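One file, final07.cif, is given below (mmCIF, C-alpha atoms).
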data_input
loop_
_atom_site.label_atom_id
_atom_site.label_comp_id
_atom_site.auth_asym_id
_atom_site.auth_seq_id
_atom_site.Cartn_x
_atom_site.Cartn_y
_atom_site.Cartn_z
CA MET A 1 32.99 7.25 12.16
CA LYS A 2 29.98 6.44 14.34
CA PHE A 3 26.79 8.11 13.12
CA LYS A 4 25.73 10.91 15.50
CA PRO A 5 22.26 12.15 14.55
CA ALA A 6 21.97 14.89 17.19
CA ASN A 7 25.33 16.34 16.15
CA ARG A 8 24.10 16.58 12.59
CA ILE A 9 21.06 18.58 13.71
CA GLN A 10 23.17 20.82 15.96
CA ASP A 11 25.67 21.54 13.17
CA LEU A 12 23.01 23.04 10.92
CA GLN A 13 23.26 26.84 10.88
CA TYR A 14 20.50 29.04 9.50
CA PHE A 15 20.26 32.81 9.71
CA GLY A 16 17.03 34.74 9.46
CA GLU A 17 16.55 37.35 6.78
CA PHE A 18 17.59 40.10 9.20
CA GLY A 19 20.19 38.10 11.10
CA GLY A 20 17.74 36.31 13.38
CA VAL A 21 18.90 33.15 15.14
CA ASN A 22 15.84 31.42 13.71
CA PRO A 23 15.34 31.37 9.93
CA SER A 24 12.71 33.74 8.62
CA ILE A 25 9.31 32.18 7.90
CA SER A 26 8.27 32.23 4.25
CA ASP A 27 4.69 33.40 4.72
CA SER A 28 3.74 33.22 1.04
CA SER A 29 1.72 30.74 -0.98
CA THR A 30 3.28 31.82 -4.28
CA TYR A 31 6.58 33.34 -5.40
CA THR A 32 7.51 35.93 -8.00
CA PHE A 33 9.99 35.63 -10.87
CA LEU A 34 12.05 38.42 -12.38
CA GLU A 35 12.06 36.72 -15.77
CA ALA A 36 9.37 34.65 -17.49
CA LYS A 37 11.91 32.07 -18.61
CA THR A 38 12.87 31.35 -15.00
CA MET A 39 9.25 30.49 -14.24
CA PHE A 40 9.22 28.11 -17.21
CA ASP A 41 12.50 26.51 -16.12
CA THR A 42 11.20 26.10 -12.57
CA PHE A 43 8.06 24.34 -13.81
CA GLU A 44 10.31 22.03 -15.77
CA GLY A 45 12.36 21.31 -12.64
CA ASN A 46 15.54 22.78 -14.09
CA THR A 47 16.10 25.67 -11.68
CA ASP A 48 17.74 25.41 -8.26
CA GLY A 49 17.07 28.02 -5.58
CA CYS A 50 13.81 29.29 -7.06
CA TYR A 51 10.41 28.80 -5.46
CA LEU A 52 7.26 28.26 -7.44
CA TYR A 53 4.27 27.57 -5.21
CA SER A 54 4.07 26.41 -1.61
CA ARG A 55 2.36 23.12 -2.53
CA HIS A 56 5.63 22.28 -4.24
CA THR A 57 7.92 23.59 -1.50
CA SER A 58 8.85 26.72 0.43
CA PRO A 59 12.03 28.02 2.09
CA SER A 60 10.69 27.10 5.54
CA ASN A 61 9.85 23.57 4.41
CA LEU A 62 13.28 23.18 2.83
CA TYR A 63 14.97 24.21 6.10
CA LEU A 64 13.02 21.56 8.01
CA GLY A 65 13.58 18.96 5.31
CA GLU A 66 17.35 19.57 5.40
CA ALA A 67 17.38 19.16 9.18
CA LEU A 68 15.46 15.87 9.00
CA ALA A 69 17.65 14.56 6.17
CA ALA A 70 20.70 15.38 8.29
CA MET A 71 19.17 13.55 11.26
CA GLU A 72 18.56 10.40 9.20
CA GLY A 73 21.69 10.72 7.04
CA THR A 74 19.87 10.79 3.69
CA GLU A 75 20.56 13.02 0.70
CA THR A 76 17.44 15.08 1.19
CA ALA A 77 13.88 15.03 2.53
CA HIS A 78 10.41 16.37 1.80
CA VAL A 79 8.00 17.46 4.54
CA THR A 80 4.25 16.96 4.37
CA ALA A 81 1.12 18.00 6.23
CA SER A 82 0.78 14.75 8.19
CA GLY A 83 2.35 11.35 8.66
CA MET A 84 -0.18 9.76 6.31
CA GLY A 85 0.62 12.56 3.87
CA ALA A 86 4.15 11.13 3.77
CA ILE A 87 3.20 7.44 3.74
CA THR A 88 0.55 7.38 1.02
CA PRO A 89 2.43 9.34 -1.70
CA THR A 90 5.56 7.26 -1.03
CA ILE A 91 3.68 4.01 -1.65
CA LEU A 92 1.92 5.43 -4.73
CA GLN A 93 5.16 6.84 -6.13
CA LEU A 94 6.75 3.40 -5.96
CA CYS A 95 3.75 1.25 -6.96
CA GLY A 96 1.25 1.17 -9.78
CA ALA A 97 -1.47 -1.14 -11.05
CA GLY A 98 -0.41 -4.78 -10.81
CA ASP A 99 2.32 -4.18 -8.23
CA HIS A 100 2.67 -5.85 -4.85
CA VAL A 101 3.79 -4.79 -1.37
CA VAL A 102 5.14 -6.96 1.44
CA SER A 103 4.24 -5.24 4.70
CA SER A 104 4.55 -5.88 8.39
CA ARG A 105 1.28 -7.13 9.84
CA THR A 106 1.60 -4.78 12.82
CA ILE A 107 1.67 -1.21 11.57
CA TYR A 108 -0.23 1.98 12.27
CA GLY A 109 -3.95 1.44 11.68
CA GLY A 110 -4.16 4.16 9.03
CA THR A 111 -1.32 2.60 7.02
CA TYR A 112 -2.91 -0.83 7.38
CA ALA A 113 -6.26 0.50 6.16
CA PHE A 114 -4.60 2.21 3.17
CA LEU A 115 -2.82 -0.97 2.09
CA LYS A 116 -5.67 -3.34 2.95
CA ASN A 117 -8.72 -1.38 1.79
CA PHE A 118 -7.68 1.50 -0.46
CA THR A 119 -4.78 0.47 -2.72
CA PRO A 120 -6.62 -2.65 -4.00
CA ARG A 121 -8.88 -0.16 -5.86
CA MET A 122 -5.76 0.62 -7.90
CA ASN A 123 -4.88 -3.07 -8.26
CA ILE A 124 -2.02 -2.80 -5.77
CA GLN A 125 -2.00 -5.85 -3.51
CA THR A 126 -0.33 -6.33 -0.12
CA SER A 127 0.84 -9.40 1.77
CA PHE A 128 0.94 -8.84 5.54
CA VAL A 129 3.59 -10.90 7.33
CA ASP A 130 5.36 -11.21 10.66
CA ILE A 131 8.17 -8.79 9.89
CA THR A 132 10.37 -10.32 12.61
CA LYS A 133 10.59 -13.57 10.62
CA LEU A 134 12.78 -12.93 7.58
CA GLU A 135 11.85 -16.27 6.04
CA GLN A 136 8.19 -15.20 5.99
CA VAL A 137 9.12 -11.90 4.38
CA GLU A 138 11.15 -13.64 1.67
CA ALA A 139 8.43 -16.22 1.04
CA ALA A 140 5.89 -13.43 0.42
CA ILE A 141 8.01 -11.74 -2.28
CA ASN A 142 6.89 -12.40 -5.87
CA GLU A 143 7.71 -11.08 -9.33
CA CYS A 144 5.32 -8.12 -8.86
CA THR A 145 6.72 -6.99 -5.50
CA LYS A 146 8.08 -3.46 -5.40
CA ILE A 147 8.25 -2.55 -1.69
CA ILE A 148 9.06 -4.05 1.67
CA TYR A 149 7.28 -1.84 4.20
CA CYS A 150 7.76 -1.86 7.97
CA GLU A 151 8.05 0.24 11.10
CA SER A 152 11.31 0.22 13.05
CA VAL A 153 9.26 -0.39 16.19
CA SER A 154 5.72 -1.38 15.30
CA ASN A 155 2.50 0.29 16.38
CA PRO A 156 1.14 -0.88 18.77
CA LEU A 157 2.81 -4.23 19.58
CA LEU A 158 6.38 -2.85 19.64
CA GLU A 159 7.73 -5.57 17.36
CA VAL A 160 11.24 -4.62 16.20
CA ALA A 161 12.22 -4.98 12.54
CA ASP A 162 15.64 -6.37 11.67
CA ILE A 163 16.39 -3.52 9.26
CA LYS A 164 19.77 -4.89 8.18
CA GLY A 165 18.21 -8.25 7.37
CA LEU A 166 15.31 -6.64 5.49
CA ALA A 167 17.74 -4.40 3.59
CA ALA A 168 19.66 -7.47 2.45
CA LEU A 169 16.42 -9.01 1.14
CA ALA A 170 15.52 -5.75 -0.61
CA ARG A 171 18.90 -5.68 -2.35
CA LYS A 172 18.64 -9.36 -3.29
CA TYR A 173 15.30 -8.88 -5.04
CA LYS A 174 15.88 -5.26 -6.19
CA LEU A 175 13.09 -3.88 -3.99
CA THR A 176 12.71 -0.61 -2.10
CA LEU A 177 12.80 -0.87 1.70
CA VAL A 178 10.54 1.76 3.26
CA VAL A 179 10.81 2.18 7.04
CA ASP A 180 8.51 4.25 9.24
CA ASN A 181 10.73 5.41 12.11
CA THR A 182 8.09 7.41 14.03
CA PHE A 183 8.46 5.41 17.28
CA SER A 184 12.25 5.59 17.44
CA PRO A 185 13.77 8.88 16.25
CA LEU A 186 17.48 9.18 17.10
CA SER A 187 17.42 5.75 18.80
CA ILE A 188 17.42 4.00 15.42
CA SER A 189 18.76 5.41 12.13
CA PRO A 190 17.22 3.16 9.43
CA ALA A 191 19.07 4.69 6.46
CA GLN A 192 22.37 3.83 8.13
CA LEU A 193 21.17 0.22 8.36
CA GLY A 194 20.21 -0.04 4.69
CA ALA A 195 16.70 1.43 4.39
CA ASP A 196 16.04 3.25 1.10
CA VAL A 197 13.28 5.55 2.35
CA VAL A 198 12.65 6.68 5.94
CA ILE A 199 9.32 8.15 7.00
CA HIS A 200 8.25 9.95 10.17
CA SER A 201 5.04 11.32 11.48
CA LEU A 202 6.44 14.62 12.75
CA THR A 203 3.26 14.97 14.80
CA LYS A 204 4.76 12.67 17.42
CA PHE A 205 8.19 12.75 19.09
CA ILE A 206 9.94 15.06 16.64
CA ASN A 207 7.55 17.95 17.25
CA GLY A 208 6.86 16.79 20.78
CA SER A 209 4.17 19.25 21.84
CA SER A 210 0.98 17.74 20.30
CA ASP A 211 0.07 21.05 18.68
CA THR A 212 0.49 20.31 14.99
CA MET A 213 0.59 17.55 12.42
CA GLY A 214 3.40 16.84 9.99
CA GLY A 215 5.24 14.16 8.10
CA VAL A 216 8.51 13.66 6.25
CA VAL A 217 9.95 11.41 3.58
CA CYS A 218 13.75 11.05 3.73
CA GLY A 219 15.58 9.51 0.78
CA THR A 220 17.72 10.07 -2.28
CA ALA A 221 17.60 13.34 -4.20
CA ASP A 222 16.22 11.48 -7.22
CA PHE A 223 13.34 9.95 -5.26
CA ILE A 224 12.37 13.17 -3.48
CA THR A 225 12.57 15.16 -6.72
CA ALA A 226 10.30 12.58 -8.37
CA GLN A 227 7.76 12.92 -5.55
CA LYS A 228 7.69 16.71 -6.02
CA SER A 229 7.43 16.65 -9.81
CA VAL A 230 4.62 18.87 -11.12
CA ILE A 231 4.12 16.32 -13.92
CA ASP A 232 3.68 13.03 -12.06
CA GLY A 233 4.92 13.44 -8.48
CA ALA A 234 2.59 11.75 -6.01
CA SER A 235 3.31 14.21 -3.20
CA MET A 236 2.86 17.28 -5.42
CA LEU A 237 -0.31 16.02 -7.07
CA LEU A 238 -2.00 14.65 -3.95
CA GLY A 239 -1.37 17.97 -2.22
CA ALA A 240 -0.50 16.98 1.37
CA SER A 241 1.67 20.09 1.79
CA MET A 242 2.94 21.46 5.08
CA ASP A 243 2.20 25.06 6.03
CA SER A 244 5.34 27.17 6.49
CA LEU A 245 4.29 28.43 9.93
CA ARG A 246 3.92 24.85 11.17
CA SER A 247 7.20 23.89 9.55
CA ALA A 248 9.02 26.66 11.39
CA SER A 249 7.45 25.57 14.69
CA ILE A 250 8.57 21.96 14.26
CA MET A 251 12.05 23.13 13.29
CA LYS A 252 12.41 24.92 16.64
CA ASN A 253 11.22 21.87 18.56
CA MET A 254 13.72 19.63 16.76
CA ARG A 255 16.54 21.43 18.58
CA THR A 256 15.51 19.77 21.87
CA LEU A 257 14.69 16.36 20.42
CA HIS A 258 17.84 14.66 21.75
CA ILE A 259 17.13 15.84 25.30
CA ARG A 260 13.51 14.74 25.14
CA VAL A 261 14.20 11.31 23.64
CA LYS A 262 16.72 10.52 26.38
CA GLN A 263 14.21 11.42 29.10
CA HIS A 264 11.33 9.55 27.41
CA SER A 265 13.56 6.45 27.19
CA LYS A 266 14.86 6.74 30.75
CA ASN A 267 11.35 7.01 32.17
CA ALA A 268 9.96 4.20 30.01
CA MET A 269 12.80 1.88 30.98
CA TYR A 270 12.17 2.53 34.68
CA LEU A 271 8.41 1.98 34.46
CA ALA A 272 8.70 -1.12 32.25
CA SER A 273 11.16 -2.72 34.67
CA GLN A 274 8.94 -1.98 37.66
CA PHE A 275 5.76 -3.19 35.97
CA GLU A 276 7.43 -6.43 34.90
CA ASN A 277 8.77 -6.98 38.42
CA ASP A 278 5.23 -6.51 39.71
CA GLY A 279 4.09 -9.39 37.51
CA ILE A 280 2.27 -7.34 34.86
CA LYS A 281 2.67 -8.52 31.27
CA THR A 282 4.85 -5.71 29.92
CA VAL A 283 6.33 -5.22 26.46
CA TYR A 284 9.25 -2.83 26.04
CA PRO A 285 12.27 -3.28 23.75
CA GLY A 286 14.63 -2.38 26.60
CA LEU A 287 13.59 -5.43 28.63
CA ALA A 288 15.61 -8.61 28.21
CA SER A 289 12.29 -10.44 27.96
CA HIS A 290 11.42 -8.63 24.71
CA PRO A 291 11.89 -11.14 21.84
CA SER A 292 13.82 -8.57 19.76
CA HIS A 293 15.78 -6.96 22.58
CA GLU A 294 19.12 -8.03 21.12
CA ILE A 295 18.27 -6.84 17.60
CA PHE A 296 17.22 -3.42 18.90
CA SER A 297 20.41 -3.25 20.98
CA GLU A 298 22.52 -4.00 17.92
CA MET A 299 20.80 -1.36 15.78
CA MET A 300 20.42 1.45 18.31
CA ASN A 301 22.32 4.66 18.86
CA GLU A 302 22.93 3.71 22.47
CA GLU A 303 22.75 7.09 24.23
CA TYR A 304 19.09 7.57 23.24
CA GLY A 305 17.81 4.37 24.84
CA TYR A 306 14.95 2.13 23.76
CA GLY A 307 12.30 4.77 23.21
CA GLY A 308 9.30 6.08 25.08
CA MET A 309 6.68 3.49 24.11
CA LEU A 310 5.58 0.49 26.19
CA THR A 311 2.52 -1.68 26.56
CA ILE A 312 0.93 -3.56 29.42
CA ASP A 313 -1.95 -6.04 29.44
CA ALA A 314 -4.66 -5.15 31.94
CA GLY A 315 -6.48 -8.43 31.31
CA SER A 316 -9.64 -7.09 29.71
CA LEU A 317 -10.96 -4.02 27.91
CA GLU A 318 -13.09 -3.18 30.93
CA LYS A 319 -10.08 -3.20 33.26
CA ALA A 320 -7.99 -1.28 30.74
CA ASN A 321 -10.63 1.44 30.44
CA GLU A 322 -11.13 1.63 34.20
CA LEU A 323 -7.40 1.95 34.79
CA MET A 324 -6.92 4.62 32.12
CA GLU A 325 -9.84 6.68 33.42
CA LEU A 326 -8.46 6.52 36.97
CA MET A 327 -4.93 7.45 35.88
CA GLN A 328 -6.30 10.47 34.02
CA GLU A 329 -8.36 11.45 37.06
CA ARG A 330 -5.18 11.26 39.19
CA ASN A 331 -3.37 13.54 36.71
CA LEU A 332 -0.90 10.85 35.59
CA GLY A 333 -1.53 11.56 31.93
CA TYR A 334 -4.22 11.77 29.30
CA LEU A 335 -6.50 9.13 27.82
CA ALA A 336 -5.61 10.11 24.29
CA VAL A 337 -4.15 8.71 21.09
CA SER A 338 -0.85 9.85 19.58
CA LEU A 339 2.55 9.92 21.26
CA GLY A 340 5.62 11.99 22.05
CA PHE A 341 3.88 14.55 24.29
CA TYR A 342 5.58 15.90 27.43
CA LYS A 343 2.81 14.26 29.48
CA THR A 344 2.13 10.51 29.39
CA LEU A 345 -0.59 9.44 26.94
CA PHE A 346 -2.40 6.09 27.12
CA SER A 347 -4.98 4.35 24.96
CA ALA A 348 -6.40 0.91 24.19
CA PRO A 349 -5.15 0.39 20.61
CA GLY A 350 -7.67 -2.30 19.70
CA THR A 351 -10.47 0.25 19.98
CA SER A 352 -8.53 3.32 18.85
CA THR A 353 -5.37 3.59 16.74
CA SER A 354 -5.64 0.01 15.45
CA SER A 355 -9.43 -0.17 15.22
CA GLU A 356 -9.15 -0.32 11.40
CA ILE A 357 -7.73 -3.84 11.80
CA PRO A 358 -10.53 -6.47 12.02
CA GLU A 359 -10.94 -8.13 15.43
CA GLU A 360 -9.98 -11.60 14.21
CA GLU A 361 -6.74 -10.22 12.74
CA GLN A 362 -6.02 -8.30 15.95
CA LYS A 363 -6.27 -11.58 17.89
CA GLU A 364 -4.07 -13.38 15.37
CA MET A 365 -1.28 -10.81 15.76
CA GLY A 366 -1.56 -10.77 19.57
CA LEU A 367 -3.38 -7.46 20.00
CA THR A 368 -5.45 -8.33 23.08
CA ASP A 369 -8.51 -6.47 24.41
CA GLY A 370 -6.71 -5.50 27.60
CA LEU A 371 -3.64 -4.00 25.90
CA ILE A 372 -2.79 -0.45 26.96
CA ARG A 373 -0.27 1.51 24.91
CA PHE A 374 1.70 4.10 26.87
CA SER A 375 3.64 7.01 25.44
CA ILE A 376 5.70 7.84 28.52
CA GLY A 377 6.14 11.52 29.31
CA LEU A 378 9.00 13.65 30.55
CA ASP A 379 8.19 13.34 34.28
CA ASN A 380 11.08 14.51 36.44
CA ASP A 381 10.14 12.28 39.39
CA ILE A 382 9.42 8.98 37.67
CA GLU A 383 9.55 7.06 40.97
CA ARG A 384 6.55 9.07 42.20
CA THR A 385 4.76 8.47 38.90
CA TYR A 386 5.32 4.73 39.22
CA GLN A 387 3.99 4.61 42.77
CA MET A 388 0.86 6.52 41.76
CA MET A 389 0.30 4.25 38.74
CA LYS A 390 0.80 1.18 40.91
CA ASP A 391 -1.79 2.48 43.38
CA CYS A 392 -4.25 2.89 40.51
CA MET A 393 -3.56 -0.65 39.32
CA ILE A 394 -4.23 -2.04 42.78
CA GLU A 395 -7.39 0.04 43.13
CA VAL A 396 -8.95 -1.30 39.91
CA GLY A 397 -7.73 -4.87 40.45
CA VAL A 398 -5.11 -5.06 37.68
CA LEU A 399 -2.61 -5.75 40.48
CA GLN A 400 -3.22 -7.54 43.75
CA GLU A 401 -1.69 -5.73 46.69
CA SER A 402 -0.18 -8.92 48.06
CA THR A 403 1.76 -9.53 44.83
CA THR A 404 3.55 -6.19 45.01
CA MET A 405 5.07 -6.49 48.47
#

Could you express the structure from this file as structure tokens?
Amino acid sequence: MKFKPANRIQDLQYFGEFGGVNPSISDSSTYTFLEAKTMFDTFEGNTDGCYLYSRHTSPSNLYLGEALAAMEGTETAHVTASGMGAITPTILQLCGAGDHVVSSRTIYGGTYAFLKNFTPRMNIQTSFVDITKLEQVEAAINECTKIIYCESVSNPLLEVADIKGLAALARKYKLTLVVDNTFSPLSISPAQLGADVVIHSLTKFINGSSDTMGGVVCGTADFITAQKSVIDGASMLLGASMDSLRSASIMKNMRTLHIRVKQHSKNAMYLASQFENDGIKTVYPGLASHPSHEIFSEMMNEEYGYGGMLTIDAGSLEKANELMELMQERNLGYLAVSLGFYKTLFSAPGTSTSSEIPEEEQKEMGLTDGLIRFSIGLDNDIERTYQMMKDCMIEVGVLQESTTM
């Protein structure tokens, strides 16, 4: 049967302690035991249904983890305090001194900085490649490689990974394929395409209200249990634990995720088509001009569209900044990092979310000074939004009025 992620979320049923339609929030940092032996067994990881300490897990975090595992179709999941709190323990759980990672060259700046600057301290090396070229990925694999790491849709260039192709390489060389699916929840289901571990920054689309941080690691029960081990689990020992109140808040917002993703995608598709018709260099996976349009189309859960992220090139950093400032002044959105908010957010990645990447490497990967990354909002009248954005573009000289007639 066709995988239906929203149905899997909808089919989850939780009752609160007193019959509430929302599960009760476990507002405790530690949990009591009726017998001393049960505490010992729980420390040893041999007791199901007992809670030890909220850094390990809590009922609220388990509810959210179950919902996210259902969405991705994995055995289980573990939620964390931020997206990086999911990414870094996953890499460190899978790699040790002398190991090697093959990673996409275009990934979130924080992930890039961790792999480029931090893990070498532990003698973990990374080769950064064009993830869209499977021959480059395979050529970078060596006898020390443990992980292939990518984003379904990359930040900020919106390169699309061929997850099925990467999964085949991972199986061939007995590697773990880790996919960050933050940009494309519901639209793409990496575990159904062969990914071993799926990560999200819950801060973004899944929560959708820019009021909290969170992350999740979705995978096998064995892998998640290993991450939470009190003996040597990277997530447990590094301590990036989600607060139960935040977990409960994200859980509520998940219930509307399918509605929001559809509207984000619809609006982004409209704006991308209009911008491209106006002659602006526009990158969006839903456009036929996108080099990986067909791959995305083959992988996607069609009803959710191509996502809410697009980029345009304003020509220079000065023009990009001028345009973003004017759009904010006209109440078209916010000049802010992050994504998935109900209002459009825009930023120049080269000087913000990807600023950890050296300038020469930004140029090599095609991250130009004038690039603006848009997280398109939930605007009801997207035609009005487009007209107002177009007026701003004409006013600052990104578009010439004569070219838009």

Across A:Thr368, A:Thr176, A:Ser265, A:Ser201, the smallest distance to Pro349 (chain A), with all atoms listed in the file counted, is shown by A:Thr368

When you draw a straight line from CA of Met269 (chain A) to CA of Lys390 (chain A), how long is it in Å?
-> 15.6 Å

Using only C-alpha atoms, the shortest atom-to-atom distance to Leu94 (chain A) among A:Phe223, A:Phe374, A:Tyr386, A:Tyr14 belongs to A:Phe223

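Of the residues listed (A:Ala191, A:Val160, A:Met300, A:Cys150), A:Cys150 shows the shortest atom-to-atom separation from Val178 (chain A); distances use only C-alpha atoms.
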
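Comparing the minimum interatomic distances between Leu134 (chain A) and each of A:Asp162, A:Glu395, A:Glu302, A:Asp369, counting only C-alpha atoms, we find that A:Asp162 sits nearest.
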
Filled-in N, CA, C and O atoms of region 308-328 of chain A, supplied as a compact mmCIF listing (two decimals), in the frame of the given file:
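Once everything was written out, this is rebuild.txt:
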# COMPACT_ATOMS: atom_id res chain seq x y z
N GLY A 308 10.27 5.71 24.05
CA GLY A 308 9.30 6.08 25.08
C GLY A 308 8.01 5.30 25.06
O GLY A 308 7.06 5.65 25.77
N MET A 309 7.93 4.22 24.26
CA MET A 309 6.68 3.49 24.11
C MET A 309 6.74 2.14 24.82
O MET A 309 7.71 1.40 24.68
N LEU A 310 5.70 1.82 25.58
CA LEU A 310 5.58 0.49 26.19
C LEU A 310 4.11 0.10 26.23
O LEU A 310 3.22 0.94 26.10
N THR A 311 3.89 -1.20 26.40
CA THR A 311 2.52 -1.68 26.56
C THR A 311 2.43 -2.57 27.79
O THR A 311 3.41 -3.21 28.19
N ILE A 312 1.24 -2.59 28.38
CA ILE A 312 0.93 -3.56 29.42
C ILE A 312 -0.40 -4.21 29.07
O ILE A 312 -1.17 -3.67 28.26
N ASP A 313 -0.67 -5.36 29.65
CA ASP A 313 -1.95 -6.04 29.44
C ASP A 313 -2.72 -6.00 30.75
O ASP A 313 -2.31 -6.61 31.75
N ALA A 314 -3.84 -5.29 30.73
CA ALA A 314 -4.66 -5.15 31.94
C ALA A 314 -5.62 -6.32 32.13
O ALA A 314 -6.34 -6.37 33.13
N GLY A 315 -5.66 -7.23 31.17
CA GLY A 315 -6.48 -8.43 31.31
C GLY A 315 -7.78 -8.41 30.55
O GLY A 315 -8.25 -9.43 30.08
N SER A 316 -8.39 -7.23 30.44
CA SER A 316 -9.64 -7.09 29.71
C SER A 316 -9.82 -5.64 29.32
O SER A 316 -9.19 -4.74 29.90
N LEU A 317 -10.70 -5.40 28.34
CA LEU A 317 -10.96 -4.02 27.91
C LEU A 317 -11.58 -3.22 29.04
O LEU A 317 -11.27 -2.04 29.24
N GLU A 318 -12.44 -3.88 29.82
CA GLU A 318 -13.09 -3.18 30.93
C GLU A 318 -12.05 -2.70 31.94
O GLU A 318 -12.10 -1.55 32.41
N LYS A 319 -11.13 -3.58 32.30
CA LYS A 319 -10.08 -3.20 33.26
C LYS A 319 -9.17 -2.13 32.68
O LYS A 319 -8.74 -1.20 33.37
N ALA A 320 -8.85 -2.27 31.39
CA ALA A 320 -7.99 -1.28 30.74
C ALA A 320 -8.64 0.10 30.78
O ALA A 320 -8.00 1.10 31.14
N ASN A 321 -9.93 0.16 30.44
CA ASN A 321 -10.63 1.44 30.44
C ASN A 321 -10.72 2.03 31.84
O ASN A 321 -10.53 3.23 32.04
N GLU A 322 -11.02 1.17 32.81
CA GLU A 322 -11.13 1.63 34.20
C GLU A 322 -9.80 2.19 34.69
O GLU A 322 -9.76 3.25 35.34
N LEU A 323 -8.72 1.50 34.36
CA LEU A 323 -7.40 1.95 34.79
C LEU A 323 -7.03 3.28 34.12
O LEU A 323 -6.55 4.20 34.79
N MET A 324 -7.27 3.39 32.83
CA MET A 324 -6.92 4.62 32.12
C MET A 324 -7.72 5.81 32.64
O MET A 324 -7.18 6.91 32.81
N GLU A 325 -9.00 5.60 32.89
CA GLU A 325 -9.84 6.68 33.42
C GLU A 325 -9.34 7.13 34.79
O GLU A 325 -9.30 8.34 35.08
N LEU A 326 -8.95 6.17 35.63
CA LEU A 326 -8.46 6.52 36.97
C LEU A 326 -7.12 7.25 36.88
O LEU A 326 -6.88 8.24 37.60
N MET A 327 -6.23 6.78 36.01
CA MET A 327 -4.93 7.45 35.88
C MET A 327 -5.10 8.89 35.38
O MET A 327 -4.39 9.80 35.83
N GLN A 328 -6.05 9.10 34.48
CA GLN A 328 -6.30 10.47 34.02
C GLN A 328 -6.86 11.33 35.15
O GLN A 328 -6.46 12.47 35.35
